[in-house]
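Quick look at run_3.cif (mmCIF, C-alpha atoms):
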```cif
data_run
loop_
_atom_site.label_atom_id
_atom_site.label_comp_id
_atom_site.auth_asym_id
_atom_site.auth_seq_id
_atom_site.Cartn_x
_atom_site.Cartn_y
_atom_site.Cartn_z
CA MET A 156 93.02 133.05 6.13
CA LYS A 157 92.17 131.44 9.46
CA PHE A 158 90.57 134.68 10.64
CA ILE A 159 88.38 134.84 7.54
CA SER A 160 87.34 131.21 8.05
CA VAL A 161 86.33 131.95 11.63
CA LEU A 162 84.25 134.92 10.47
CA ILE A 163 82.52 132.80 7.84
CA PHE A 164 81.75 130.14 10.45
CA LEU A 165 80.33 132.67 12.89
CA PHE A 166 78.24 134.29 10.18
CA SER A 167 76.75 130.99 9.10
CA SER A 168 75.98 130.09 12.73
CA ILE A 169 74.20 133.37 13.36
CA SER A 170 72.30 133.13 10.11
CA PHE A 171 70.68 129.80 10.95
CA ALA A 172 70.50 129.84 14.78
CA GLN A 173 67.01 130.29 16.22
CA THR A 174 65.61 131.57 12.93
CA VAL A 175 61.99 131.60 11.77
CA SER A 176 61.88 129.23 8.80
CA ARG A 177 58.12 129.01 8.18
CA ILE A 178 54.90 130.67 9.31
CA GLN A 179 51.56 128.89 9.12
CA GLY A 180 48.58 130.73 10.57
CA THR A 181 49.48 131.78 14.12
CA GLU A 182 52.33 129.27 14.45
CA ALA A 183 55.98 129.70 13.46
CA THR A 184 58.52 126.93 12.84
CA ILE A 185 61.96 127.78 14.28
CA ASN A 186 65.42 126.37 13.49
CA LEU A 187 67.18 125.81 16.82
CA GLU A 188 70.85 125.32 15.95
CA GLY A 189 72.72 126.55 18.99
CA HIS A 190 69.61 127.35 21.08
CA GLU A 191 69.94 128.01 24.79
CA GLY A 192 67.87 125.37 26.55
CA LEU A 193 64.47 126.20 25.10
CA ASN A 194 61.55 124.41 26.79
CA VAL A 195 57.86 124.01 26.09
CA GLY A 196 55.99 126.96 27.59
CA ASP A 197 58.90 129.44 27.38
CA ARG A 198 58.05 132.99 26.38
CA VAL A 199 60.12 134.36 23.51
CA HIS A 200 60.61 137.55 21.49
CA PHE A 201 60.87 137.71 17.71
CA LEU A 202 63.64 140.10 16.67
CA ASN A 203 63.93 141.84 13.30
CA SER A 204 67.16 142.74 11.48
CA GLN A 205 67.60 145.79 13.73
CA LEU A 206 67.29 143.53 16.81
CA SER A 207 64.05 145.26 17.76
CA THR A 208 61.18 143.21 19.17
CA ALA A 209 58.66 142.58 16.40
CA GLY A 210 56.45 140.15 18.26
CA GLU A 211 56.04 137.75 21.14
CA GLY A 212 55.40 134.02 21.24
CA GLU A 213 55.17 130.88 23.36
CA VAL A 214 56.93 127.58 22.66
CA LEU A 215 54.35 124.86 21.94
CA ARG A 216 56.49 121.87 20.90
CA LEU A 217 60.11 120.82 20.38
CA SER A 218 61.31 118.18 17.96
CA ALA A 219 62.80 114.95 19.33
CA GLY A 220 66.29 116.04 18.35
CA GLY A 221 65.86 119.56 19.67
CA LYS A 222 66.60 121.11 16.28
CA LYS A 223 63.13 122.49 15.57
CA ALA A 224 60.51 124.27 17.62
CA LEU A 225 56.88 125.23 17.05
CA VAL A 226 56.08 128.63 18.54
CA LYS A 227 52.62 130.16 18.88
CA ILE A 228 52.62 133.81 17.80
CA VAL A 229 50.93 135.72 20.63
CA SER A 230 51.38 139.27 19.33
CA GLY A 231 53.17 141.35 16.71
CA LYS A 232 53.90 140.81 13.03
CA VAL A 233 56.36 137.95 12.53
CA LYS A 234 58.15 137.19 9.27
CA THR A 235 60.46 134.43 8.08
CA GLY A 236 64.12 135.12 8.74
CA MET A 237 63.53 136.77 12.11
CA THR A 238 65.52 135.49 15.08
CA LEU A 239 64.33 134.26 18.46
CA GLU A 240 65.22 135.39 21.96
CA LYS A 241 64.03 133.68 25.13
CA VAL A 242 62.65 136.12 27.71
CA SER A 243 61.22 133.77 30.35
CA SER A 244 61.38 130.09 31.17
CA THR A 245 58.97 127.64 32.72
CA ALA A 246 61.83 125.66 34.25
CA ASN A 247 62.26 128.03 37.22
CA ALA A 248 58.68 129.17 37.47
CA VAL A 249 56.60 128.26 40.50
CA LYS A 250 54.03 125.74 39.37
CA GLU A 251 50.51 126.37 40.56
CA PRO A 252 48.34 123.38 41.47
CA SER A 253 46.24 122.19 38.57
CA PRO A 254 42.50 122.42 39.08
CA SER A 255 40.56 119.18 39.03
CA PRO A 256 38.60 118.26 35.88
CA SER A 257 35.34 118.58 37.81
CA SER A 258 35.99 122.27 38.45
CA GLY A 259 35.32 123.09 34.80
CA SER A 260 38.63 124.93 34.36
CA ALA A 261 41.01 122.05 33.63
CA VAL A 262 44.15 123.10 31.78
CA ARG A 263 44.70 121.49 28.42
CA ALA A 264 48.01 120.30 26.99
CA ASP A 265 48.59 123.55 25.12
CA GLY A 266 47.95 125.66 28.24
CA ILE A 267 44.43 126.83 27.27
CA SER A 268 41.83 126.34 30.00
CA TYR A 269 38.83 124.12 29.43
CA ALA A 270 36.61 126.99 30.52
CA SER A 271 37.67 128.95 27.44
CA LEU A 272 36.08 126.40 25.10
CA SER A 273 32.89 127.36 23.30
CA GLU A 274 29.63 125.61 24.10
CA SER A 275 29.76 123.76 20.77
CA ASP A 276 33.28 122.45 21.45
CA ARG A 277 32.24 121.26 24.91
CA ALA A 278 29.25 119.46 23.39
CA ILE A 279 31.52 117.78 20.82
CA LEU A 280 33.87 116.56 23.56
CA GLU A 281 31.03 115.29 25.74
CA ARG A 282 29.32 113.46 22.88
CA GLY A 283 32.47 111.84 21.54
CA GLU A 284 33.25 110.71 18.01
CA ILE A 285 30.28 109.70 15.83
CA SER A 286 30.88 106.17 14.54
CA GLN A 287 30.55 105.32 10.86
CA THR A 288 27.49 103.15 11.55
CA ARG A 289 25.63 105.88 13.42
CA TYR A 290 26.64 108.41 10.79
CA VAL A 291 25.27 106.37 7.89
CA VAL A 292 22.11 105.12 9.64
CA GLY A 293 21.35 108.61 10.93
CA GLY A 294 21.89 110.11 7.50
CA ILE A 295 19.53 107.60 5.87
CA LEU A 296 16.80 108.17 8.48
CA ALA A 297 17.18 111.93 8.15
CA THR A 298 16.80 111.67 4.37
CA TYR A 299 14.08 109.04 3.95
CA PRO A 300 11.50 108.18 5.07
CA LEU A 301 11.17 109.40 8.67
CA GLY A 302 12.87 112.72 9.24
CA LEU A 303 11.50 114.49 12.34
CA GLY A 304 15.00 114.61 13.87
CA ILE A 305 15.21 110.82 14.29
CA GLY A 306 18.42 110.61 12.24
CA HIS A 307 20.03 113.25 14.44
CA ALA A 308 18.99 111.27 17.53
CA VAL A 309 20.77 108.19 16.16
CA GLN A 310 23.88 110.32 15.62
CA GLY A 311 23.64 111.60 19.20
CA ARG A 312 22.87 115.14 18.02
CA TYR A 313 19.17 115.49 18.85
CA MET A 314 19.56 118.13 21.56
CA GLU A 315 22.01 120.03 19.35
CA LYS A 316 19.79 120.39 16.29
CA GLY A 317 17.46 117.40 15.86
CA TRP A 318 14.68 118.93 17.95
CA ILE A 319 14.51 121.84 15.51
CA PHE A 320 13.43 119.49 12.72
CA THR A 321 10.92 117.70 14.98
CA VAL A 322 9.21 120.96 15.91
CA GLY A 323 9.55 122.57 12.47
CA GLU A 324 8.27 119.62 10.45
CA LEU A 325 5.35 118.87 12.80
CA ALA A 326 4.34 122.55 12.81
CA SER A 327 4.49 122.64 9.00
CA LEU A 328 2.32 119.53 8.78
CA MET A 329 -0.23 121.07 11.14
CA VAL A 330 -0.44 124.20 8.97
CA LEU A 331 -0.78 122.03 5.86
CA MET A 332 -3.56 119.92 7.44
CA ALA A 333 -5.37 123.07 8.58
CA GLY A 334 -5.45 124.31 4.98
CA PHE A 335 -6.68 120.97 3.65
CA GLY A 336 -9.25 120.77 6.44
CA ASP A 337 -10.98 123.87 5.18
CA CYS A 338 -11.18 122.33 1.71
CA VAL A 339 -12.76 119.16 3.11
CA ASP A 340 -15.36 121.27 4.90
CA ASP A 341 -16.17 122.99 1.60
CA ALA A 342 -17.09 119.65 0.10
CA TRP A 343 -19.98 119.39 2.59
CA SER A 344 -21.02 123.04 2.64
CA SER A 345 -21.34 126.08 0.43
CA ASN A 346 -18.45 127.92 2.07
CA ASN A 347 -15.47 129.13 0.04
CA ASN A 348 -12.89 128.55 2.74
CA CYS A 349 -10.78 126.38 0.43
CA ASN A 350 -10.07 129.32 -1.84
CA ASN A 351 -8.94 131.32 1.17
CA SER A 352 -6.73 128.53 2.52
CA GLY A 353 -4.34 128.34 -0.41
CA GLY A 354 -1.80 130.36 1.56
CA LEU A 355 -1.88 127.88 4.46
CA VAL A 356 -1.42 124.92 2.14
CA PHE A 357 1.51 126.59 0.38
CA ALA A 358 3.15 127.71 3.65
CA GLY A 359 2.80 124.27 5.22
CA ALA A 360 4.14 122.42 2.17
CA PHE A 361 7.00 124.89 1.63
CA GLY A 362 7.98 124.76 5.32
CA PHE A 363 7.93 120.96 5.49
CA VAL A 364 10.01 120.50 2.34
CA GLY A 365 12.46 123.18 3.47
CA PHE A 366 12.98 121.54 6.88
CA ARG A 367 13.42 118.10 5.27
CA ILE A 368 16.10 119.36 2.87
CA TRP A 369 17.93 121.18 5.67
CA GLU A 370 17.72 118.08 7.88
CA ALA A 371 19.19 115.77 5.23
CA ILE A 372 22.06 118.12 4.37
CA ASP A 373 22.96 118.65 8.04
CA ALA A 374 22.86 114.92 8.83
CA TRP A 375 25.35 114.11 6.06
CA ALA A 376 27.62 117.17 6.16
CA THR A 377 28.06 118.03 9.84
CA PRO A 378 29.26 114.77 11.53
CA PRO A 379 32.55 114.47 9.53
CA GLU A 380 33.48 118.04 10.46
CA GLN A 381 32.56 117.48 14.11
CA ASN A 382 34.61 114.25 14.21
CA ARG A 383 37.61 116.16 12.85
CA ARG A 384 37.14 118.81 15.52
CA TYR A 385 36.72 116.15 18.23
CA ARG A 386 39.99 114.46 17.29
CA GLU A 387 41.75 117.84 17.28
CA LEU A 388 40.43 118.74 20.74
CA LYS A 389 41.13 115.24 22.07
CA SER A 390 44.76 115.38 20.96
CA ARG A 391 45.24 118.59 22.94
CA LEU A 392 43.76 117.21 26.17
CA PRO A 393 45.98 115.44 28.72
CA ALA A 394 45.03 111.88 29.58
CA SER A 395 43.57 113.02 32.90
CA GLU A 396 40.94 115.05 31.03
CA ASP A 397 39.28 111.98 29.50
CA THR A 398 35.58 111.91 30.28
CA ILE A 399 32.97 109.15 30.43
CA THR A 400 30.27 109.51 27.79
CA PHE A 401 27.08 107.64 26.98
CA GLU A 402 26.16 107.32 23.33
CA PRO A 403 23.20 105.70 21.55
CA GLY A 404 24.27 102.94 19.19
CA PHE A 405 22.69 100.78 16.50
CA MET A 406 23.42 97.05 16.31
CA PRO A 407 22.26 94.79 13.44
CA LEU A 408 20.73 91.45 14.49
CA ALA A 409 21.17 88.01 12.94
CA ASP A 410 17.52 87.75 11.88
CA GLY A 411 17.84 90.85 9.74
CA GLY A 412 16.46 93.33 12.23
CA GLY A 413 18.25 95.85 14.40
CA ALA A 414 18.38 97.13 17.93
CA LEU A 415 19.18 100.44 19.58
CA GLY A 416 21.45 100.41 22.58
CA LEU A 417 23.59 102.62 24.82
CA ARG A 418 27.38 102.60 24.48
CA LEU A 419 29.69 103.61 27.34
CA THR A 420 33.04 105.17 26.42
CA PHE A 421 35.78 106.28 28.80
#
```
Re-express the file's structure as C-alpha cells.
Amino acid sequence: MKFISVLIFLFSSISFAQTVSRIQGTEATINLEGHEGLNVGDRVHFLNSQLSTAGEGEVLRLSAGGKKALVKIVSGKVKTGMTLEKVSSTANAVKEPSPSPSSGSAVRADGISYASLSESDRAILERGEISQTRYVVGGILATYPLGLGIGHAVQGRYMEKGWIFTVGELASLMVLMAGFGDCVDDAWSSNNNCNNSGGLVFAGAFGFVGFRIWEAIDAWATPPEQNRRYRELKSRLPASEDTITFEPGFMPLADGGGALGLRLTF
C-alpha cells in the first residue's frame, strides 16, 4: 500500500510540475511546482508527451511566490499540458555592457532593443501621453470650425498627420475657388467658362468635405489607441530609458479665455 501511495504521489507531481496551463497569443502560462531555479531570461524547451521538443521559449516573468511563470513562445507549436525543460540560464551568462540610451539601441525590460521599434512607436514614445484636455480641445477644433490640422497640432500630432489636412483642405479650397472664379468672370463677359468649370467646383467641394470628415474621425479615434500603446511601451521600458519630451498644452484662463503653452515632461 505504501508503494502504491508513493507512485500516486510521484504521478501527481509529474503531472503538475512545469506544465503549460494556458496559452494566450505568443505567451504561455506555466505551473512551476518543483521547478529547478527558473529565472527571467532563461531559455526553455516545450516537451510533448513523447518528450520530444515541440517548441522553444524564453521566460518573461515569474510570480512573487515562484509558482507561476510567463514564457514567450519563440518557435514551435505549443499546447496546454506540455512540460517545460530549461536549456540555458542567464545566471551564469556573461553580461555584456548595456548601450547608452543615446546610442539608439537601448535594451528594453523584455530584452527587445529600442532600435527594433517601428517609427510610429518611437514617435508615440517621444510625444508622450495625450492628456484629456488636449484630446478634447483638439477633437473639437478638428471637427468645427477650423480644421486645417489645428486640432492635431493641439494634440501634438501635427507632424504625424495634421499637415496632411492643412495641405489637402487648402488645395481643395483653391480648386473650388478656381471653379467659382470662372463663373464670376462669366457674369462680366459672354464666355461660357462657368459651364466648363463644374468639374472643378465638384472636385474642390468633394475633396474639402472628404478631408474634413477624415480629420474629425482621426482626431477623436486615434489618440485613445495611441495612449494605450504608449502606456504599454512605457511599462516595458526600464526607468533609465525615460526621455524628456516637450508637449504643447492648453490652459483655460480666469477671464474665460485660454492660452497655449509648452509642457516639459521627464
Could you pull the residues within 12 Å of Phe361 (chain A), counting only C-alpha atoms, minus those fewer than 2 positions along the same chain, as a tab-separated table (two decimals) with C-alpha atoms, in the coordinates of the input?
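Below is the file that was written, around-v4.tsv:
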```
chain	number	residue	atom	x	y	z
A	323	GLY	CA	9.55	122.57	12.47
A	324	GLU	CA	8.27	119.62	10.45
A	326	ALA	CA	4.34	122.55	12.81
A	327	SER	CA	4.49	122.64	9.00
A	328	LEU	CA	2.32	119.53	8.78
A	330	VAL	CA	-0.44	124.20	8.97
A	331	LEU	CA	-0.78	122.03	5.86
A	354	GLY	CA	-1.80	130.36	1.56
A	355	LEU	CA	-1.88	127.88	4.46
A	356	VAL	CA	-1.42	124.92	2.14
A	357	PHE	CA	1.51	126.59	0.38
A	358	ALA	CA	3.15	127.71	3.65
A	359	GLY	CA	2.80	124.27	5.22
A	363	PHE	CA	7.93	120.96	5.49
A	364	VAL	CA	10.01	120.50	2.34
A	365	GLY	CA	12.46	123.18	3.47
A	366	PHE	CA	12.98	121.54	6.88
A	367	ARG	CA	13.42	118.10	5.27
A	368	ILE	CA	16.10	119.36	2.87
```
Counting all atoms listed in the file, what is within 8 Å of Thr181 (chain A), bar same-chain residues fewer than 4 positions away, as a PyMOL selection string? chain A and resi 227-229
Please produce an output containing C-alpha atoms for each residue in the selection, written as a PDB file, in the coordinates of the input.
```
ATOM      1  CA  LYS A 227      52.620 130.160  18.880  1.00  0.00           C
ATOM      2  CA  ILE A 228      52.620 133.810  17.800  1.00  0.00           C
ATOM      3  CA  VAL A 229      50.930 135.720  20.630  1.00  0.00           C
TER       4      VAL A 229
END
```
Distance in Å - CA of Arg277 (chain A) versus CA of Glu211 (chain A): 29.2 Å
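Between Ile319 (chain A) and the candidates A:Lys222, A:His200, A:Lys234, A:His307, the tightest atom-to-atom separation, counting only C-alpha atoms, involves A:His307.
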Would you kindly translate the PyMOL selection byres ((chain A and resi 175) around 9) into the concrete residues it picks from this file, as a list in words?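 On the file shown, the PyMOL selection byres ((chain A and resi 175) around 9) covers Phe171, Gln173, Thr174, Ser176, Arg177, Ile178, Ala183, Thr184, Ile185, Asn186, Phe201, Val233, Lys234, Thr235, Gly236, Met237, Thr238 and Leu239 of chain A.
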With C-alpha atoms retained, write the just-selected residues as a compact mmCIF listing (two decimals), keeping the file's coordinate frame.
```
# COMPACT_ATOMS: atom_id res chain seq x y z
CA PHE A 171 70.68 129.80 10.95
CA GLN A 173 67.01 130.29 16.22
CA THR A 174 65.61 131.57 12.93
CA SER A 176 61.88 129.23 8.80
CA ARG A 177 58.12 129.01 8.18
CA ILE A 178 54.90 130.67 9.31
CA ALA A 183 55.98 129.70 13.46
CA THR A 184 58.52 126.93 12.84
CA ILE A 185 61.96 127.78 14.28
CA ASN A 186 65.42 126.37 13.49
CA PHE A 201 60.87 137.71 17.71
CA VAL A 233 56.36 137.95 12.53
CA LYS A 234 58.15 137.19 9.27
CA THR A 235 60.46 134.43 8.08
CA GLY A 236 64.12 135.12 8.74
CA MET A 237 63.53 136.77 12.11
CA THR A 238 65.52 135.49 15.08
CA LEU A 239 64.33 134.26 18.46
```
Let me know the residues the PyMOL selection byres ((chain A and resi 301) around 12) catches in the file above, as a list in words. Val292, Gly293, Gly294, Ile295, Leu296, Ala297, Thr298, Tyr299, Pro300, Gly302, Leu303, Gly304, Ile305, Gly306, His307, Ala308, Phe320, Thr321, Glu324, Leu325, Arg367, Glu370 and Ala371 of chain A
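In this structure, CA of Arg289 (chain A) sits 20.1 Å away from CA of Lys389 (chain A).
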Ranking A:Val242, A:Ile279, A:Val199, A:Leu225 by minimum distance to Tyr385 (chain A) and counting only C-alpha atoms, which one comes first? A:Ile279
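Note that the spacing between CA of Trp369 (chain A) and CA of Trp318 (chain A) amounts to 12.9 Å.
Closest approach to Tyr313 (chain A) among A:Leu193, A:Arg383, A:Phe335, A:Asp373 is made by A:Asp373 (distances from only C-alpha atoms).
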Could you pull out every residue with an atom within 12 Å of (63.1, 119.7, 18.5), file coordinates, counting all atoms listed in the file, and send them as a list in words? Gln173, Thr184, Ile185, Asn186, Leu187, Glu188, Gly189, His190, Gly192, Leu193, Asn194, Val195, Val214, Leu215, Arg216, Leu217, Ser218, Ala219, Gly220, Gly221, Lys222, Lys223, Ala224, Leu225 and Val226 of chain A
Rebuild region 284-303 of chain A to N, CA, C and O atoms - output it as a tab-separated table (two decimals), in the coordinates of the input, please.
```tsv
chain	number	residue	atom	x	y	z
A	284	GLU	N	33.20	110.87	19.47
A	284	GLU	CA	33.25	110.71	18.01
A	284	GLU	C	32.04	109.92	17.52
A	284	GLU	O	31.64	108.93	18.13
A	285	ILE	N	31.44	110.37	16.43
A	285	ILE	CA	30.28	109.70	15.83
A	285	ILE	C	30.79	108.56	14.96
A	285	ILE	O	31.54	108.79	14.01
A	286	SER	N	30.40	107.33	15.29
A	286	SER	CA	30.88	106.17	14.54
A	286	SER	C	30.34	106.17	13.12
A	286	SER	O	29.33	106.83	12.81
A	287	GLN	N	30.99	105.40	12.26
A	287	GLN	CA	30.55	105.32	10.86
A	287	GLN	C	29.15	104.75	10.75
A	287	GLN	O	28.35	105.20	9.92
A	288	THR	N	28.83	103.76	11.60
A	288	THR	CA	27.49	103.15	11.55
A	288	THR	C	26.41	104.16	11.92
A	288	THR	O	25.40	104.30	11.22
A	289	ARG	N	26.62	104.88	13.01
A	289	ARG	CA	25.63	105.88	13.42
A	289	ARG	C	25.53	107.01	12.41
A	289	ARG	O	24.45	107.56	12.19
A	290	TYR	N	26.65	107.35	11.80
A	290	TYR	CA	26.64	108.41	10.79
A	290	TYR	C	25.79	108.02	9.59
A	290	TYR	O	24.94	108.80	9.14
A	291	VAL	N	25.99	106.81	9.08
A	291	VAL	CA	25.27	106.37	7.89
A	291	VAL	C	23.80	106.13	8.19
A	291	VAL	O	22.91	106.59	7.45
A	292	VAL	N	23.50	105.40	9.29
A	292	VAL	CA	22.11	105.12	9.64
A	292	VAL	C	21.35	106.42	9.92
A	292	VAL	O	20.22	106.62	9.46
A	293	GLY	N	21.99	107.32	10.65
A	293	GLY	CA	21.35	108.61	10.93
A	293	GLY	C	21.11	109.42	9.67
A	293	GLY	O	20.06	110.07	9.52
A	294	GLY	N	22.06	109.38	8.75
A	294	GLY	CA	21.89	110.11	7.50
A	294	GLY	C	20.74	109.56	6.67
A	294	GLY	O	19.97	110.31	6.06
A	295	ILE	N	20.62	108.23	6.64
A	295	ILE	CA	19.53	107.60	5.87
A	295	ILE	C	18.17	107.96	6.48
A	295	ILE	O	17.23	108.33	5.77
A	296	LEU	N	18.07	107.87	7.82
A	296	LEU	CA	16.80	108.17	8.48
A	296	LEU	C	16.44	109.65	8.38
A	296	LEU	O	15.26	110.01	8.37
A	297	ALA	N	17.46	110.50	8.30
A	297	ALA	CA	17.18	111.93	8.15
A	297	ALA	C	16.76	112.28	6.73
A	297	ALA	O	16.12	113.30	6.50
A	298	THR	N	17.13	111.41	5.77
A	298	THR	CA	16.80	111.67	4.37
A	298	THR	C	15.48	111.04	3.97
A	298	THR	O	14.63	111.66	3.33
A	299	TYR	N	15.29	109.78	4.35
A	299	TYR	CA	14.08	109.04	3.95
A	299	TYR	C	13.95	107.82	4.84
A	299	TYR	O	14.95	107.15	5.14
A	300	PRO	N	12.76	107.48	5.31
A	300	PRO	CA	11.50	108.18	5.07
A	300	PRO	C	11.02	108.99	6.28
A	300	PRO	O	10.02	109.70	6.18
A	301	LEU	N	11.72	108.88	7.42
A	301	LEU	CA	11.17	109.40	8.67
A	301	LEU	C	11.37	110.90	8.87
A	301	LEU	O	10.41	111.64	9.01
A	302	GLY	N	12.61	111.33	8.91
A	302	GLY	CA	12.87	112.72	9.24
A	302	GLY	C	12.54	112.98	10.69
A	302	GLY	O	12.81	112.15	11.57
A	303	LEU	N	11.96	114.13	11.00
A	303	LEU	CA	11.50	114.49	12.34
A	303	LEU	C	12.63	114.46	13.37
A	303	LEU	O	12.38	114.31	14.56
```
